[in-house]
>>> print(open('start06.cif').read())   # mmCIF, C-alpha atoms
data_data
loop_
_atom_site.label_atom_id
_atom_site.label_comp_id
_atom_site.auth_asym_id
_atom_site.auth_seq_id
_atom_site.Cartn_x
_atom_site.Cartn_y
_atom_site.Cartn_z
CA MET T 22 -86.15 3.01 39.47
CA ARG T 23 -83.33 0.62 38.81
CA THR T 24 -84.11 -3.03 39.21
CA THR T 25 -80.74 -4.63 38.49
CA LEU T 26 -78.36 -6.02 41.06
CA ALA T 27 -75.69 -3.46 40.24
CA GLY T 28 -73.64 -2.48 43.27
CA SER T 29 -73.67 0.58 45.41
CA ILE T 30 -71.06 3.01 46.61
CA PRO T 31 -70.32 3.75 50.27
CA ALA T 32 -72.08 6.78 51.77
CA SER T 33 -69.93 9.89 51.58
CA LYS T 34 -68.85 10.30 55.16
CA LEU T 35 -65.60 11.33 56.70
CA THR T 36 -63.58 8.17 57.20
CA LEU T 37 -60.74 9.74 59.18
CA PRO T 38 -62.09 11.70 62.15
CA VAL T 39 -60.64 15.10 62.94
CA ALA T 40 -57.83 14.49 65.40
CA GLY T 41 -54.43 15.61 66.62
CA ARG T 42 -52.90 14.79 63.24
CA ASP T 43 -54.95 17.52 61.62
CA HIS T 44 -54.27 21.18 61.18
CA ILE T 45 -57.22 22.79 62.93
CA GLN T 46 -58.45 26.23 63.84
CA GLY T 47 -60.87 26.52 66.74
CA PRO T 48 -61.42 24.11 69.64
CA ILE T 49 -61.24 20.44 68.64
CA ASP T 50 -64.39 19.80 70.70
CA ALA T 51 -66.35 22.68 69.13
CA PRO T 52 -70.01 21.83 68.40
CA ILE T 53 -69.51 22.29 64.65
CA ALA T 54 -66.69 20.59 62.73
CA LEU T 55 -65.94 21.67 59.18
CA VAL T 56 -63.34 19.77 57.16
CA GLU T 57 -62.16 20.99 53.78
CA TYR T 58 -60.31 18.83 51.27
CA GLY T 59 -58.56 21.35 49.08
CA ASP T 60 -55.84 22.13 46.55
CA TYR T 61 -53.80 25.36 46.76
CA GLU T 62 -53.85 25.82 42.98
CA CYS T 63 -57.56 25.10 42.51
CA PRO T 64 -59.42 28.31 41.61
CA PHE T 65 -62.60 27.19 43.38
CA CYS T 66 -60.65 26.59 46.60
CA GLY T 67 -59.17 30.06 46.16
CA GLU T 68 -62.66 31.53 45.83
CA VAL T 69 -63.92 29.81 48.95
CA TYR T 70 -60.90 30.77 51.09
CA PRO T 71 -62.28 34.21 52.11
CA VAL T 72 -65.72 32.63 52.63
CA ILE T 73 -64.23 30.25 55.20
CA LYS T 74 -62.52 33.15 56.95
CA ALA T 75 -65.82 35.01 57.14
CA ILE T 76 -67.54 31.89 58.52
CA GLN T 77 -64.85 31.55 61.16
CA GLY T 78 -65.42 35.18 62.10
CA ARG T 79 -69.15 34.57 62.50
CA LEU T 80 -69.02 31.26 64.36
CA GLY T 81 -65.95 31.90 66.52
CA LYS T 82 -65.29 29.20 69.09
CA ASN T 83 -68.33 27.21 67.98
CA LEU T 84 -66.41 26.08 64.91
CA CYS T 85 -63.49 23.71 64.46
CA PHE T 86 -62.08 24.03 60.93
CA ALA T 87 -59.65 21.46 59.54
CA PHE T 88 -57.88 21.58 56.18
CA ARG T 89 -56.67 18.44 54.42
CA HIS T 90 -54.70 18.23 51.19
CA PHE T 91 -56.24 16.92 47.99
CA PRO T 92 -53.86 18.06 45.25
CA PHE T 93 -54.86 17.40 41.64
CA ALA T 94 -51.20 17.24 40.73
CA ASN T 95 -51.65 16.49 37.02
CA THR T 96 -54.18 19.26 36.53
CA HIS T 97 -52.46 21.76 38.83
CA PRO T 98 -48.69 21.32 38.51
CA HIS T 99 -47.85 23.40 41.62
CA SER T 100 -50.45 21.89 43.92
CA GLU T 101 -48.35 19.06 45.34
CA LEU T 102 -45.37 21.35 46.02
CA ALA T 103 -47.65 23.90 47.67
CA ALA T 104 -49.24 21.24 49.90
CA GLN T 105 -45.83 20.05 51.01
CA ALA T 106 -44.72 23.63 51.62
CA ALA T 107 -47.72 24.20 53.90
CA GLU T 108 -46.71 21.07 55.83
CA ALA T 109 -43.08 22.23 55.98
CA ALA T 110 -44.24 25.59 57.33
CA GLY T 111 -46.39 23.63 59.79
CA ALA T 112 -43.26 21.84 61.01
CA GLN T 113 -41.99 25.31 61.94
CA GLY T 114 -45.27 26.22 63.62
CA SER T 115 -46.76 28.31 60.78
CA PHE T 116 -49.11 26.06 58.81
CA TRP T 117 -52.04 28.49 58.76
CA GLU T 118 -49.92 31.52 57.92
CA MET T 119 -48.48 29.70 54.89
CA HIS T 120 -51.93 28.28 54.03
CA GLY T 121 -53.24 31.85 53.79
CA LEU T 122 -50.32 33.11 51.70
CA LEU T 123 -50.65 30.21 49.26
CA PHE T 124 -54.35 30.87 48.68
CA GLU T 125 -53.74 34.61 48.40
CA ASN T 126 -51.03 34.02 45.76
CA GLN T 127 -52.38 31.14 43.70
CA ASP T 128 -50.64 32.36 40.55
CA ALA T 129 -47.19 32.42 42.22
CA LEU T 130 -46.52 28.96 43.62
CA GLU T 131 -43.01 28.20 42.36
CA LEU T 132 -40.52 27.13 45.03
CA ASP T 133 -38.84 30.56 44.77
CA ASP T 134 -42.15 32.26 45.50
CA ILE T 135 -42.82 29.94 48.41
CA SER T 136 -39.34 30.58 49.82
CA GLN T 137 -40.15 34.29 49.81
CA TYR T 138 -43.37 33.63 51.72
CA ALA T 139 -41.39 31.59 54.23
CA GLU T 140 -38.95 34.48 54.70
CA ALA T 141 -41.81 36.95 55.04
CA LEU T 142 -43.21 34.75 57.83
CA GLY T 143 -39.82 34.72 59.55
CA LEU T 144 -39.32 31.00 58.94
CA ASP T 145 -36.12 29.16 58.08
CA ALA T 146 -36.72 29.32 54.32
CA ALA T 147 -33.68 27.20 53.45
CA ARG T 148 -34.88 24.39 55.72
CA LEU T 149 -38.40 24.63 54.29
CA ALA T 150 -37.12 24.42 50.70
CA ALA T 151 -34.81 21.52 51.54
CA GLU T 152 -37.60 19.57 53.23
CA VAL T 153 -39.91 20.12 50.28
CA LEU T 154 -37.23 19.05 47.80
CA ASP T 155 -36.44 15.97 49.89
CA GLY T 156 -40.10 15.00 49.88
CA VAL T 157 -40.25 14.89 53.68
CA PHE T 158 -44.01 15.49 53.64
CA VAL T 159 -44.99 13.39 50.60
CA GLY T 160 -46.42 10.66 52.84
CA ARG T 161 -48.40 13.09 54.93
CA VAL T 162 -49.99 14.76 51.89
CA ARG T 163 -50.80 11.36 50.38
CA GLU T 164 -52.38 10.27 53.66
CA ASP T 165 -54.72 13.26 53.49
CA PHE T 166 -55.45 12.51 49.83
CA ARG T 167 -56.18 8.83 50.48
CA SER T 168 -58.51 9.63 53.36
CA GLY T 169 -60.40 11.95 51.01
CA VAL T 170 -60.72 9.31 48.29
CA ARG T 171 -62.16 6.87 50.84
CA ALA T 172 -64.60 9.49 52.09
CA GLY T 173 -65.93 10.08 48.57
CA VAL T 174 -64.12 13.32 47.72
CA ASN T 175 -64.64 13.74 43.97
CA GLY T 176 -63.30 17.23 43.36
CA THR T 177 -62.05 20.28 45.19
CA PRO T 178 -63.06 21.84 47.41
CA THR T 179 -65.12 19.15 49.17
CA PHE T 180 -66.51 19.93 52.60
CA PHE T 181 -67.66 17.69 55.43
CA ILE T 182 -69.87 19.15 58.13
CA ASN T 183 -69.83 17.08 61.32
CA GLY T 184 -68.62 14.15 59.24
CA GLU T 185 -71.24 14.34 56.45
CA ARG T 186 -70.33 15.49 52.96
CA TYR T 187 -71.81 18.86 52.09
CA ASP T 188 -72.89 19.08 48.44
CA GLY T 189 -74.59 22.48 48.55
CA ALA T 190 -73.51 25.85 47.20
CA ARG T 191 -70.23 27.35 48.39
CA GLY T 192 -71.41 30.87 49.18
CA LEU T 193 -71.36 32.36 52.67
CA ASP T 194 -75.11 32.14 53.29
CA PRO T 195 -75.75 28.53 52.22
CA LEU T 196 -72.62 27.31 54.02
CA LEU T 197 -73.54 29.19 57.20
CA ALA T 198 -77.09 27.85 57.02
CA ALA T 199 -75.80 24.29 56.69
CA LEU T 200 -73.31 24.76 59.52
CA THR T 201 -75.85 26.18 61.95
CA ARG T 202 -78.87 24.01 61.18
CA GLN T 203 -80.12 21.90 64.07
CA PRO T 204 -79.22 18.19 64.07
CA GLY T 205 -81.81 16.20 62.19
CA GLU T 206 -83.05 19.20 60.25
CA ARG T 207 -82.99 18.63 56.51
CA LEU T 208 -80.87 20.76 54.22
CA ALA T 209 -83.05 22.90 52.02
CA PHE T 210 -80.97 22.93 48.83
CA MET O 25 -75.04 26.65 37.27
CA ASN O 26 -73.38 23.53 38.61
CA ASN O 27 -72.27 20.58 36.51
CA GLU O 28 -75.18 18.39 37.53
CA THR O 29 -77.68 21.00 36.32
CA ARG O 30 -75.81 21.34 33.03
CA TYR O 31 -75.87 17.61 32.43
CA ASN O 32 -79.53 17.36 33.34
CA GLN O 33 -80.36 20.02 30.77
CA MET O 34 -78.39 18.22 28.10
CA TYR O 35 -79.44 14.63 28.70
CA SER O 36 -82.76 12.99 29.43
CA GLU O 37 -83.77 12.50 33.05
CA GLY O 38 -83.03 9.46 35.14
CA CYS O 39 -81.36 6.19 34.41
CA ARG O 40 -83.09 4.15 31.73
CA THR O 41 -80.52 1.45 31.27
CA ARG O 42 -79.80 -1.89 32.90
CA ALA O 43 -76.18 -2.32 33.69
CA LEU O 44 -74.71 -5.81 33.79
CA ALA O 45 -74.38 -6.85 37.40
CA GLN O 46 -72.10 -9.02 39.53
CA GLY O 47 -71.48 -12.47 38.15
CA ALA O 48 -72.16 -11.67 34.49
CA ASP O 49 -69.46 -12.39 31.92
CA ALA O 50 -67.81 -9.13 30.91
CA PRO O 51 -68.54 -8.73 27.19
CA GLU O 52 -65.49 -8.70 24.93
CA PHE O 53 -64.70 -5.53 23.01
CA SER O 54 -62.03 -4.27 20.67
CA LEU O 55 -61.75 -0.49 20.73
CA HIS O 56 -59.27 2.14 19.59
CA SER O 57 -57.02 3.30 22.45
CA THR O 58 -55.11 5.61 20.10
CA PRO O 59 -55.71 6.44 16.42
CA ASP O 60 -53.51 3.47 15.42
CA GLN O 61 -53.93 0.98 18.29
CA PHE O 62 -56.71 -1.28 19.50
CA VAL O 63 -57.33 -2.72 22.95
CA ARG O 64 -59.24 -5.97 23.48
CA LEU O 65 -60.63 -6.77 26.91
CA SER O 66 -59.42 -10.39 26.63
CA GLU O 67 -55.81 -9.13 26.57
CA PHE O 68 -56.27 -8.45 30.28
CA ARG O 69 -57.44 -11.94 31.28
CA GLY O 70 -55.67 -12.82 34.52
CA ARG O 71 -55.73 -9.23 35.71
CA THR O 72 -58.32 -7.02 37.37
CA VAL O 73 -59.82 -4.37 35.10
CA ILE O 74 -61.71 -1.19 35.98
CA LEU O 75 -63.93 0.16 33.19
CA ALA O 76 -65.15 3.71 33.65
CA PHE O 77 -67.83 4.58 31.09
CA TYR O 78 -68.48 8.34 30.97
CA PRO O 79 -70.65 10.52 28.73
CA ALA O 80 -68.11 12.75 27.03
CA ASP O 81 -64.61 14.22 26.99
CA TRP O 82 -64.09 17.85 28.01
CA SER O 83 -66.29 18.16 31.06
CA PRO O 84 -65.26 20.95 33.48
CA VAL O 85 -61.80 20.60 35.05
CA CYS O 86 -62.03 20.51 38.81
CA GLY O 87 -64.96 18.14 39.07
CA ASP O 88 -63.73 15.92 36.30
CA GLN O 89 -63.97 12.21 36.98
CA MET O 90 -61.08 11.20 34.71
CA ALA O 91 -58.78 13.81 36.29
CA LEU O 92 -59.69 12.37 39.69
CA TYR O 93 -58.94 8.79 38.64
CA ASN O 94 -55.66 9.97 37.16
CA GLU O 95 -54.61 11.11 40.64
CA ILE O 96 -55.83 7.89 42.25
CA LEU O 97 -54.01 5.58 39.79
CA PRO O 98 -51.33 4.57 42.34
CA GLU O 99 -54.09 3.32 44.66
CA PHE O 100 -55.65 1.26 41.84
CA GLN O 101 -52.24 -0.09 40.87
CA GLN O 102 -51.65 -1.33 44.42
CA PHE O 103 -54.46 -3.78 43.70
CA GLY O 104 -52.87 -4.69 40.36
CA ALA O 105 -55.89 -3.21 38.59
CA GLU O 106 -55.88 -1.72 35.09
CA LEU O 107 -58.08 1.33 34.57
CA MET O 108 -59.63 2.23 31.22
CA GLY O 109 -62.00 5.10 30.45
CA ILE O 110 -64.60 4.60 27.69
CA SER O 111 -66.79 7.12 25.90
CA VAL O 112 -68.30 7.49 22.44
CA ASP O 113 -65.74 10.17 21.52
CA GLY O 114 -63.37 9.33 18.68
CA ALA O 115 -59.72 8.39 19.10
CA TRP O 116 -58.45 11.83 18.01
CA CYS O 117 -60.73 13.55 20.50
CA HIS O 118 -59.54 11.19 23.24
CA ALA O 119 -55.93 11.89 22.27
CA ALA O 120 -56.42 15.64 22.62
CA PHE O 121 -58.36 15.30 25.88
CA SER O 122 -55.85 12.88 27.34
CA ARG O 123 -52.93 15.15 26.43
CA ASP O 124 -54.65 18.21 27.86
CA ARG O 125 -55.44 16.48 31.17
CA LYS O 126 -52.13 14.57 31.29
CA LEU O 127 -53.96 11.28 31.76
CA HIS O 128 -51.79 8.23 32.48
CA PHE O 129 -54.35 5.57 31.54
CA PRO O 130 -56.00 4.71 28.22
CA LEU O 131 -59.25 6.18 26.96
CA LEU O 132 -61.10 3.84 24.61
CA ALA O 133 -63.22 5.10 21.71
CA ASP O 134 -66.65 3.43 21.61
CA PHE O 135 -67.11 5.26 18.34
CA GLU O 136 -67.93 2.84 15.50
CA PRO O 137 -70.39 1.20 15.69
CA LYS O 138 -71.30 4.00 18.06
CA GLY O 139 -71.81 2.90 21.66
CA GLN O 140 -71.53 -0.81 20.90
CA ALA O 141 -69.48 -1.58 24.01
CA ALA O 142 -71.76 0.56 26.20
CA GLN O 143 -74.77 -1.34 24.81
CA ALA O 144 -73.14 -4.68 25.56
CA TYR O 145 -72.64 -3.59 29.19
CA GLY O 146 -76.17 -2.25 29.37
CA VAL O 147 -75.23 1.38 29.87
CA TYR O 148 -75.94 3.09 26.53
CA ARG O 149 -78.45 5.97 26.57
CA LYS O 150 -80.00 5.64 23.15
CA GLY O 151 -81.84 8.95 22.82
CA ASP O 152 -78.85 10.85 24.20
CA GLY O 153 -76.21 9.09 22.12
CA VAL O 154 -73.83 8.70 25.07
CA SER O 155 -73.17 6.14 27.79
CA GLU O 156 -74.17 6.37 31.39
CA ARG O 157 -71.56 7.32 33.95
CA ALA O 158 -71.01 3.68 34.87
CA LEU O 159 -68.28 1.74 36.64
CA PHE O 160 -67.37 -1.93 36.29
CA VAL O 161 -64.74 -3.90 38.17
CA ILE O 162 -63.92 -7.08 36.24
CA ASP O 163 -62.17 -9.98 37.94
CA PRO O 164 -59.16 -11.85 36.52
CA GLU O 165 -61.49 -14.55 35.07
CA GLY O 166 -63.39 -11.94 33.06
CA LYS O 167 -66.50 -11.80 35.23
CA ILE O 168 -68.08 -8.65 36.53
CA HIS O 169 -67.33 -8.34 40.24
CA TRP O 170 -69.06 -4.99 40.82
CA SER O 171 -70.92 -2.40 38.81
CA TYR O 172 -72.43 0.97 39.55
CA VAL O 173 -74.36 3.56 37.56
CA SER O 174 -74.12 7.12 38.82
CA PRO O 175 -76.58 9.91 38.02
CA ILE O 176 -75.16 11.27 34.76
CA GLY O 177 -74.14 14.65 36.18
CA VAL O 178 -72.61 13.28 39.39
CA ASN O 179 -68.97 12.28 39.59
CA PRO O 180 -69.14 9.02 41.60
CA GLY O 181 -65.61 9.38 43.00
CA ALA O 182 -63.50 6.30 43.66
CA ALA O 183 -64.57 5.01 47.07
CA GLY O 184 -66.86 2.40 45.47
CA ILE O 185 -64.14 1.14 43.14
CA LEU O 186 -61.66 0.81 46.01
CA SER O 187 -64.16 -1.10 48.19
CA ALA O 188 -64.85 -3.43 45.26
CA LEU O 189 -61.13 -3.99 44.69
CA GLU O 190 -60.75 -4.86 48.37
CA THR O 191 -63.53 -7.45 48.38
CA LEU O 192 -62.19 -8.91 45.15
CA GLU O 193 -58.73 -9.22 46.64
CA LYS O 194 -60.20 -11.02 49.68
CA ASN O 195 -62.14 -13.40 47.41
CA GLU O 196 -59.03 -14.17 45.38
CA VAL O 197 -56.99 -14.87 48.50
CA ALA O 198 -59.74 -17.20 49.80
CA LYS O 199 -59.68 -19.26 46.58
#
>>> encode(input="start06.cif", output="structure tokens")
Amino acid sequence: MRTTLAGSIPASKLTLPVAGRDHIQGPIDAPIALVEYGDYECPFCGEVYPVIKAIQGRLGKNLCFAFRHFPFANTHPHSELAAQAAEAAGAQGSFWEMHGLLFENQDALELDDISQYAEALGLDAARLAAEVLDGVFVGRVREDFRSGVRAGVNGTPTFFINGERYDGARGLDPLLAALTRQPGERLAF
Amino acid sequence: MNNETRYNQMYSEGCRTRALAQGADAPEFSLHSTPDQFVRLSEFRGRTVILAFYPADWSPVCGDQMALYNEILPEFQQFGAELMGISVDGAWCHAAFSRDRKLHFPLLADFEPKGQAAQAYGVYRKGDGVSERALFVIDPEGKIHWSYVSPIGVNPGAAGILSALETLEKNEVAK
């Protein structure tokens, strides 16, 4: 055990509660809240995308899922643009549709590609591209990022289950087990 | 296998070092920041410094601590703080790593005598030949304001650094 007076770090808990500002799927007052901090160009986030969909299928209205942006812009050069594009699609009422297309096409995230996705979704692609280029959603994406830093996000994807950081495996079974355990029950990982 | 398991296989278990704690004078060092440049800690007197000791360059991308701090730099800069990474890797290795990860802050080479700076801060793992994953926030007078040693395979994130920068800023304002 350490005996020095070295400092500590804050517990890894969600610092910004899920609220109206968030993009959510499922009822906001659902008994289980799952928040993902993710990056559209991160391969691990891409891998977990279908897992989340399967979890949503299993848990239905018992789950509220929120996605927040945590782009590693230096490592993933398209991640910031993609995050802003998701927000721009959200401004036209199609955040989740764009979210899905971005994760399903992680190797095609240039603005031209994204404009095509916007057209395919029936959005005003010119407006979306202009808003992205003007940086309309830079502040919003940074707000998500900052909230993640404060909550102890140290890589992507990072999940919070009912406000507590989840550090277990990212497969369907371990995630489902963690999401459906009774309050107070210890995680067995 | 996750990163933590990998690290635990490679390095000895547990933390066997004693990191310098709050109030201690931050030991001076002079280390290569590039193959032809040196950085001395005393050059930063009057400014807040964040030292991030880490075991080695080239750890896996998405969970990489230095890549994370690279993204958080604007937040650190809002506090007027200078961030420096330190490991026992040589200056050429740091240069390649830094270029690959597009890092916008210096990496210092604690290379010869190996681990001397890490030893001075109490975070050198002798048998392993690397430093702990240790964080220090140093105040403008050159004293340690906060320190933290993370389990070697766990990226400590930045929440602790930011909290320390906040308390330091409050202290400075109160002076």
>>> interface_residues(input="start06.cif", of="chain T", to="chain O", cutoff="10 Å", atoms="only C-alpha atoms", output="ChimeraX atom specification")
/T:22-33,63-66,91-97,166-178,190
>>> atom_distance(input="start06.cif", atom1="CA of Ala75 (chain T)", atom2="CA of Gly47 (chain T)")
13.7 Å
>>> atom_distance(input="start06.cif", atom1="CA of Asp134 (chain T)", atom2="CA of Leu149 (chain T)")
12.2 Å
>>> resolve_selection(input="start06.cif", expression="the PyMOL selection byres ((chain O and resi 35) around 10)", output="ChimeraX atom specification")
/O:30-34,36-38,79,149,151-154,176-177
>>> resolve_selection(input="start06.cif", expression="the PyMOL selection byres ((chain O and resi 54-67) around 9)", output="VMD selection string")
chain O and resid 50 to 53 68 to 70 73 114 to 116 118 to 119 130 to 136 141 166
>>> write_last_selection(input="start06.cif", atoms="C-alpha atoms", output="PDB file, in the frame of the given file")
ATOM      1  CA  ALA O  50     -67.810  -9.130  30.910  1.00  0.00           C
ATOM      2  CA  PRO O  51     -68.540  -8.730  27.190  1.00  0.00           C
ATOM      3  CA  GLU O  52     -65.490  -8.700  24.930  1.00  0.00           C
ATOM      4  CA  PHE O  53     -64.700  -5.530  23.010  1.00  0.00           C
ATOM      5  CA  PHE O  68     -56.270  -8.450  30.280  1.00  0.00           C
ATOM      6  CA  ARG O  69     -57.440 -11.940  31.280  1.00  0.00           C
ATOM      7  CA  GLY O  70     -55.670 -12.820  34.520  1.00  0.00           C
ATOM      8  CA  VAL O  73     -59.820  -4.370  35.100  1.00  0.00           C
ATOM      9  CA  GLY O 114     -63.370   9.330  18.680  1.00  0.00           C
ATOM     10  CA  ALA O 115     -59.720   8.390  19.100  1.00  0.00           C
ATOM     11  CA  TRP O 116     -58.450  11.830  18.010  1.00  0.00           C
ATOM     12  CA  HIS O 118     -59.540  11.190  23.240  1.00  0.00           C
ATOM     13  CA  ALA O 119     -55.930  11.890  22.270  1.00  0.00           C
ATOM     14  CA  PRO O 130     -56.000   4.710  28.220  1.00  0.00           C
ATOM     15  CA  LEU O 131     -59.250   6.180  26.960  1.00  0.00           C
ATOM     16  CA  LEU O 132     -61.100   3.840  24.610  1.00  0.00           C
ATOM     17  CA  ALA O 133     -63.220   5.100  21.710  1.00  0.00           C
ATOM     18  CA  ASP O 134     -66.650   3.430  21.610  1.00  0.00           C
ATOM     19  CA  PHE O 135     -67.110   5.260  18.340  1.00  0.00           C
ATOM     20  CA  GLU O 136     -67.930   2.840  15.500  1.00  0.00           C
ATOM     21  CA  ALA O 141     -69.480  -1.580  24.010  1.00  0.00           C
ATOM     22  CA  GLY O 166     -63.390 -11.940  33.060  1.00  0.00           C
TER      23      GLY O 166
END
>>> resolve_selection(input="start06.cif", expression="the PyMOL selection byres ((chain T and resi 49) around 12)", output="MDAnalysis selection string")
chainID T and resid 38:48 50:56 82:87 183
>>> residues_near_point(input="start06.cif", point="(-50.9, 16.3, 49.1)", cutoff="7 Å", atoms="all atoms listed in the file", output="PyMOL selection string")
chain T and resi 90-92+101+104-105+159+162-163+165-166
>>> closest_residue(input="start06.cif", among="O:Tyr145, O:Phe129, O:Phe100, O:Phe121", to="Ser83 (chain O)", atoms="only C-alpha atoms")
O:Phe121
>>> closest_residue(input="start06.cif", among="T:Leu80, T:Ala141, T:Ala147, T:Ala129", to="Ala109 (chain T)", atoms="all atoms listed in the file")
T:Ala147
